[in-house]
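Asker: Just one file: upload-v2.cif, with mmCIF, C-alpha atoms.
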```cif
data_query
loop_
_atom_site.group_PDB
_atom_site.id
_atom_site.type_symbol
_atom_site.label_atom_id
_atom_site.label_comp_id
_atom_site.auth_asym_id
_atom_site.auth_seq_id
_atom_site.Cartn_x
_atom_site.Cartn_y
_atom_site.Cartn_z
ATOM 1 C CA MET A 1 17.484 9.507 -13.360
ATOM 2 C CA PHE A 2 13.870 8.807 -12.580
ATOM 3 C CA VAL A 3 12.772 5.195 -12.287
ATOM 4 C CA PRO A 4 9.138 4.304 -11.527
ATOM 5 C CA PHE A 5 8.855 3.471 -7.822
ATOM 6 C CA GLU A 6 7.533 -0.033 -8.478
ATOM 7 C CA GLU A 7 10.645 -0.767 -10.604
ATOM 8 C CA MET A 8 13.099 0.190 -7.866
ATOM 9 C CA PRO A 9 14.927 -2.724 -6.185
ATOM 10 C CA LYS A 10 13.644 -3.836 -2.787
ATOM 11 C CA SER A 11 17.063 -2.908 -1.349
ATOM 12 C CA ALA A 12 16.729 0.758 -2.378
ATOM 13 C CA LYS A 13 17.325 3.252 0.467
ATOM 14 C CA ILE A 14 14.305 5.367 1.353
ATOM 15 C CA TRP A 15 13.546 8.499 3.333
ATOM 16 C CA ILE A 16 9.980 9.164 4.483
ATOM 17 C CA TYR A 17 8.653 12.632 5.218
ATOM 18 C CA GLN A 18 5.199 12.965 6.764
ATOM 19 C CA ALA A 19 3.114 16.098 6.495
ATOM 20 C CA ASN A 20 1.298 17.465 9.506
ATOM 21 C CA ARG A 21 -1.840 17.661 7.381
ATOM 22 C CA LYS A 22 -3.267 16.200 4.196
ATOM 23 C CA MET A 23 -2.128 18.082 1.096
ATOM 24 C CA THR A 24 -4.773 19.479 -1.238
ATOM 25 C CA ASP A 25 -5.148 18.052 -4.745
ATOM 26 C CA GLU A 26 -3.457 21.190 -6.096
ATOM 27 C CA GLU A 27 -0.545 20.796 -3.651
ATOM 28 C CA VAL A 28 -0.179 17.127 -4.606
ATOM 29 C CA ALA A 29 -0.045 18.062 -8.303
ATOM 30 C CA THR A 30 2.581 20.733 -7.617
ATOM 31 C CA ALA A 31 4.574 18.382 -5.370
ATOM 32 C CA ASN A 32 4.494 15.685 -8.070
ATOM 33 C CA GLU A 33 5.834 18.142 -10.629
ATOM 34 C CA LEU A 34 8.616 19.431 -8.356
ATOM 35 C CA LEU A 35 9.615 16.002 -7.048
ATOM 36 C CA SER A 36 9.602 14.457 -10.517
ATOM 37 C CA ASN A 37 11.919 17.188 -11.791
ATOM 38 C CA PHE A 38 14.144 16.882 -8.713
ATOM 39 C CA VAL A 39 14.469 13.090 -8.907
ATOM 40 C CA GLU A 40 15.094 13.197 -12.665
ATOM 41 C CA ASN A 41 18.106 15.465 -12.030
ATOM 42 C CA TRP A 42 19.239 14.138 -8.625
ATOM 43 C CA ALA A 43 22.954 13.377 -8.622
ATOM 44 C CA ALA A 44 25.814 12.550 -6.271
ATOM 45 C CA HIS A 45 29.155 14.097 -7.233
ATOM 46 C CA SER A 46 27.858 14.730 -10.779
ATOM 47 C CA THR A 47 26.780 11.094 -11.190
ATOM 48 C CA PRO A 48 23.032 10.667 -11.735
ATOM 49 C CA LEU A 49 21.235 8.700 -9.054
ATOM 50 C CA LYS A 50 18.824 5.946 -9.975
ATOM 51 C CA ALA A 51 15.970 7.330 -7.906
ATOM 52 C CA SER A 52 12.248 7.578 -7.451
ATOM 53 C CA TYR A 53 9.588 8.983 -5.181
ATOM 54 C CA GLN A 54 6.073 8.260 -4.116
ATOM 55 C CA LEU A 55 3.360 10.467 -2.655
ATOM 56 C CA LYS A 56 1.155 8.368 -0.416
ATOM 57 C CA TYR A 57 -2.227 9.325 1.063
ATOM 58 C CA SER A 58 -1.598 12.980 0.063
ATOM 59 C CA ARG A 59 0.445 13.120 3.254
ATOM 60 C CA PHE A 60 3.722 11.206 2.886
ATOM 61 C CA ILE A 61 6.658 11.790 0.554
ATOM 62 C CA ILE A 62 8.906 8.777 0.072
ATOM 63 C CA LEU A 63 12.227 9.324 -1.714
ATOM 64 C CA ALA A 64 14.168 6.271 -2.908
ATOM 65 C CA VAL A 65 17.698 5.712 -4.215
ATOM 66 C CA ASP A 66 19.188 2.524 -5.635
ATOM 67 C CA GLN A 67 22.413 2.621 -3.623
ATOM 68 C CA GLU A 68 23.772 -0.415 -5.481
ATOM 69 C CA TYR A 69 23.729 1.637 -8.698
ATOM 70 C CA HIS A 70 25.277 4.690 -7.032
ATOM 71 C CA ALA A 71 25.089 5.712 -3.395
ATOM 72 C CA ALA A 72 23.627 9.020 -2.284
ATOM 73 C CA SER A 73 26.294 11.317 -0.807
ATOM 74 C CA GLY A 74 26.062 13.938 1.911
ATOM 75 C CA CYS A 75 25.593 16.676 -0.677
ATOM 76 C CA SER A 76 22.908 14.760 -2.568
ATOM 77 C CA ILE A 77 21.052 14.026 0.683
ATOM 78 C CA ASP A 78 21.302 17.729 1.563
ATOM 79 C CA ALA A 79 19.778 18.534 -1.844
ATOM 80 C CA SER A 80 16.837 16.219 -1.080
ATOM 81 C CA VAL A 81 16.274 17.944 2.260
ATOM 82 C CA ARG A 82 16.270 21.309 0.469
ATOM 83 C CA ILE A 83 13.475 20.200 -1.883
ATOM 84 C CA ILE A 84 11.492 19.019 1.159
ATOM 85 C CA GLN A 85 12.103 22.394 2.855
ATOM 86 C CA ASP A 86 10.964 24.147 -0.340
ATOM 87 C CA LEU A 87 7.724 22.153 -0.266
ATOM 88 C CA GLU A 88 7.240 23.019 3.407
ATOM 89 C CA GLN A 89 7.509 26.724 2.642
ATOM 90 C CA LYS A 90 5.439 26.581 -0.536
ATOM 91 C CA PHE A 91 2.547 24.746 1.153
ATOM 92 C CA GLY A 92 2.862 25.969 4.743
ATOM 93 C CA ILE A 93 3.227 22.409 6.036
ATOM 94 C CA ASP A 94 5.674 20.604 8.270
ATOM 95 C CA LEU A 95 7.498 17.640 6.732
ATOM 96 C CA LEU A 96 10.677 17.454 8.798
ATOM 97 C CA ASP A 97 9.463 17.242 12.399
ATOM 98 C CA LYS A 98 10.201 13.682 13.508
ATOM 99 C CA MET A 99 8.524 14.156 16.902
ATOM 100 C CA ASN A 100 5.061 13.418 15.547
ATOM 101 C CA VAL A 101 3.060 10.241 15.075
ATOM 102 C CA THR A 102 0.706 9.505 12.213
ATOM 103 C CA TYR A 103 -1.799 6.689 12.592
ATOM 104 C CA LYS A 104 -5.087 5.404 11.224
ATOM 105 C CA THR A 105 -8.451 5.735 12.859
ATOM 106 C CA GLY A 106 -10.551 3.638 10.513
ATOM 107 C CA GLU A 107 -9.872 5.049 7.058
ATOM 108 C CA PHE A 108 -8.946 8.479 8.447
ATOM 109 C CA ILE A 109 -5.284 9.353 9.014
ATOM 110 C CA ALA A 110 -4.546 11.336 12.164
ATOM 111 C CA HIS A 111 -1.415 13.257 13.103
ATOM 112 C CA LYS A 112 -0.430 13.958 16.708
ATOM 113 C CA SER A 113 2.619 15.113 18.586
ATOM 114 C CA LEU A 114 4.543 12.325 20.285
ATOM 115 C CA ILE A 115 3.491 13.726 23.671
ATOM 116 C CA ASP A 116 -0.202 13.654 22.680
ATOM 117 C CA PHE A 117 0.136 10.125 21.290
ATOM 118 C CA LYS A 118 1.676 8.958 24.596
ATOM 119 C CA LYS A 119 -1.253 10.527 26.480
ATOM 120 C CA MET A 120 -3.726 8.840 24.131
ATOM 121 C CA ALA A 121 -2.027 5.487 24.754
ATOM 122 C CA LYS A 122 -2.217 6.003 28.507
ATOM 123 C CA GLU A 123 -5.916 6.915 28.192
ATOM 124 C CA LYS A 124 -6.450 3.899 25.899
ATOM 125 C CA ALA A 125 -7.648 6.116 23.033
ATOM 126 C CA VAL A 126 -5.093 4.220 20.913
ATOM 127 C CA ASN A 127 -3.765 0.731 21.572
ATOM 128 C CA ALA A 128 -1.261 -1.859 20.345
ATOM 129 C CA ASN A 129 -3.622 -2.716 17.461
ATOM 130 C CA THR A 130 -3.831 0.876 16.194
ATOM 131 C CA ILE A 131 -2.250 1.050 12.740
ATOM 132 C CA VAL A 132 0.706 3.445 12.782
ATOM 133 C CA PHE A 133 3.131 4.600 10.123
ATOM 134 C CA ASN A 134 6.624 3.475 11.027
ATOM 135 C CA ASN A 135 8.699 6.085 9.190
ATOM 136 C CA LEU A 136 11.941 4.552 10.499
ATOM 137 C CA VAL A 137 11.976 1.900 7.771
ATOM 138 C CA ASN A 138 15.115 2.141 5.611
ATOM 139 C CA THR A 139 14.467 0.216 2.408
ATOM 140 C CA ILE A 140 11.612 -0.350 -0.002
ATOM 141 C CA GLU A 141 11.369 -3.922 1.281
ATOM 142 C CA GLU A 142 10.957 -2.696 4.879
ATOM 143 C CA TYR A 143 8.532 -0.032 3.659
ATOM 144 C CA GLU A 144 6.340 -2.642 1.991
ATOM 145 C CA GLU A 145 6.456 -4.998 4.996
ATOM 146 C CA PHE A 146 6.683 -2.787 8.082
ATOM 147 C CA TRP A 147 5.510 0.751 7.299
ATOM 148 C CA GLU A 148 1.788 0.417 8.087
ATOM 149 C CA VAL A 149 1.767 -1.839 11.119
ATOM 150 C CA PRO A 150 -0.016 -2.297 14.429
ATOM 151 C CA ALA A 151 1.605 -0.016 17.003
ATOM 152 C CA GLY A 152 2.536 -3.056 19.071
ATOM 153 C CA GLU A 153 4.812 -4.231 16.229
ATOM 154 C CA SER A 154 6.750 -0.975 15.824
ATOM 155 C CA TRP A 155 8.814 1.407 17.909
ATOM 156 C CA HIS A 156 5.473 2.802 19.153
ATOM 157 C CA SER A 157 5.043 -0.354 21.272
ATOM 158 C CA ARG A 158 6.913 1.242 24.186
ATOM 159 C CA PHE A 159 3.808 3.368 24.876
ATOM 160 C CA PHE A 160 1.565 0.360 25.650
#
```
Take the structure I supplied and represent it as structure tokens, if you would.
Answerer:
Amino acid sequence: MFVPFEEMPKSAKIWIYQANRKMTDEEVATANELLSNFVENWAAHSTPLKASYQLKYSRFIILAVDQEYHAASGCSIDASVRIIQDLEQKFGIDLLDKMNVTYKTGEFIAHKSLIDFKKMAKEKAVNANTIVFNNLVNTIEEYEEFWEVPAGESWHSRFF
């Protein structure tokens, strides 16, 4: 059952998928339609999940489940990965590769491979103050507090 993202509890479990490029307005509209339908019908062992999603910066998909209401199961998590894979194929984008880094350069959002980001850190093209997206956060509370952070305050700090 769909619940507006802002009404989800802070303890809700989240999964963040980052696109390797910004989605077009048309892709965002299509993704909203598909994700809304998916979340509305998302269930674990035939029990509806209290769930939501958010599309952020036309680049990130955040899925959320209130695990206190009913926990997501292996099968329901697999179903969420399938919808992400469907979006990848439909739009020709990569959402599942975790070996990439997304960060801000001013108001622009850049996407680099982990190897390239390490090189940029070594060359001082990015530094500990560069705002990065820490997609390892696990709850809405962590997402709100620690998702967009200086690289020096996230797992990226090991590169500086």
Asker: Running the PyMOL selection byres ((chain A and resi 73) around 12) on this model by hand, what would come out? Give it as a list of chain:residue names.
Answerer: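 With the shown file as input, the PyMOL selection byres ((chain A and resi 73) around 12) matches A:Trp42, A:Ala43, A:Ala44, A:His45, A:Ser46, A:Thr47, A:Pro48, A:Leu49, A:Val65, A:Gln67, A:His70, A:Ala71, A:Ala72, A:Gly74, A:Cys75, A:Ser76, A:Ile77, A:Asp78, A:Ala79, A:Ser80.
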Asker: Evaluate the PyMOL selection byres ((chain A and resi 103) around 9) and record the selected residues as a CSV table (one decimal) with C-alpha atoms, in the frame of the given file, following the chain and residue labels used in the document.
Answerer:
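The resulting result19.csv:
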```csv
chain,number,residue,atom,x,y,z
A,101,VAL,CA,3.1,10.2,15.1
A,102,THR,CA,0.7,9.5,12.2
A,104,LYS,CA,-5.1,5.4,11.2
A,105,THR,CA,-8.5,5.7,12.9
A,108,PHE,CA,-8.9,8.5,8.4
A,109,ILE,CA,-5.3,9.4,9.0
A,110,ALA,CA,-4.5,11.3,12.2
A,111,HIS,CA,-1.4,13.3,13.1
A,112,LYS,CA,-0.4,14.0,16.7
A,130,THR,CA,-3.8,0.9,16.2
A,131,ILE,CA,-2.2,1.0,12.7
A,132,VAL,CA,0.7,3.4,12.8
A,133,PHE,CA,3.1,4.6,10.1
A,148,GLU,CA,1.8,0.4,8.1
A,151,ALA,CA,1.6,0.0,17.0
```
Asker: Using all atoms listed in the file, can you tell me which of A:Trp15, A:Trp155, A:Phe2, A:Phe146 comes closest to Leu35 (chain A)?
Answerer: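 With all atoms listed in the file as the atom set, the closest residue is A:Phe2.
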Asker: Select from region 15-52 of chain A every residue with an atom at most 12 Å from any atom of region 95-98 of chain A, then for each give the shortest pair of atoms and their distance in Å to one decimal, using all atoms listed in the file, rows by chain and rising number, as JSON lines.
Answerer:
```
{"residue": "A:Trp15", "atom": "CA", "partner": "A:Leu96", "partner_atom": "CA", "distance": 10.9}
{"residue": "A:Ile16", "atom": "CA", "partner": "A:Leu95", "partner_atom": "CA", "distance": 9.1}
{"residue": "A:Tyr17", "atom": "CA", "partner": "A:Leu95", "partner_atom": "CA", "distance": 5.4}
{"residue": "A:Gln18", "atom": "CA", "partner": "A:Leu95", "partner_atom": "CA", "distance": 5.2}
{"residue": "A:Ala19", "atom": "CA", "partner": "A:Leu95", "partner_atom": "CA", "distance": 4.7}
{"residue": "A:Asn20", "atom": "CA", "partner": "A:Leu95", "partner_atom": "CA", "distance": 6.8}
{"residue": "A:Arg21", "atom": "CA", "partner": "A:Leu95", "partner_atom": "CA", "distance": 9.4}
{"residue": "A:Lys22", "atom": "CA", "partner": "A:Leu95", "partner_atom": "CA", "distance": 11.2}
{"residue": "A:Met23", "atom": "CA", "partner": "A:Leu95", "partner_atom": "CA", "distance": 11.2}
```
Asker: Would you mind listing what lies within 6 Å of Tyr53 (chain A) as a list in words, with all atoms listed in the file counted and same-chain residues fewer than 5 positions away left out?
Answerer: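 Non-adjacent residues within range: Ile62, Leu63 and Ala64 of chain A.
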Asker: Using the file's own x, y and z axes, what box holds all listed atoms of region 39-45 of chain A with 8 Å on each side, keeping edges along x, y and z, and what are its centre and edge lengths in Å to one decimal, as lines of an AutoDock Vina configuration file?
Answerer:
```
center_x = 21.8
center_y = 14.0
center_z = -9.5
size_x = 30.7
size_y = 18.9
size_z = 22.4
```
Asker: Once the PyMOL selection byres ((chain A and resi 7) around 12) is applied to the coordinates I shared, what remains selected? I want it as an NGL selection string.
Answerer: :A and (2-6 or 8-12 or 50-53 or 64-66 or 140)
Asker: Calculate how many Å separate CA of Val137 (chain A) from CA of Asp94 (chain A), rounding to one decimal.
Answerer: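 It comes out at 19.7 Å.
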Asker: Can you tell me how far CA of Lys13 (chain A) sits from CA of Pro150 (chain A), in Å to one decimal?
Answerer: 22.9 Å
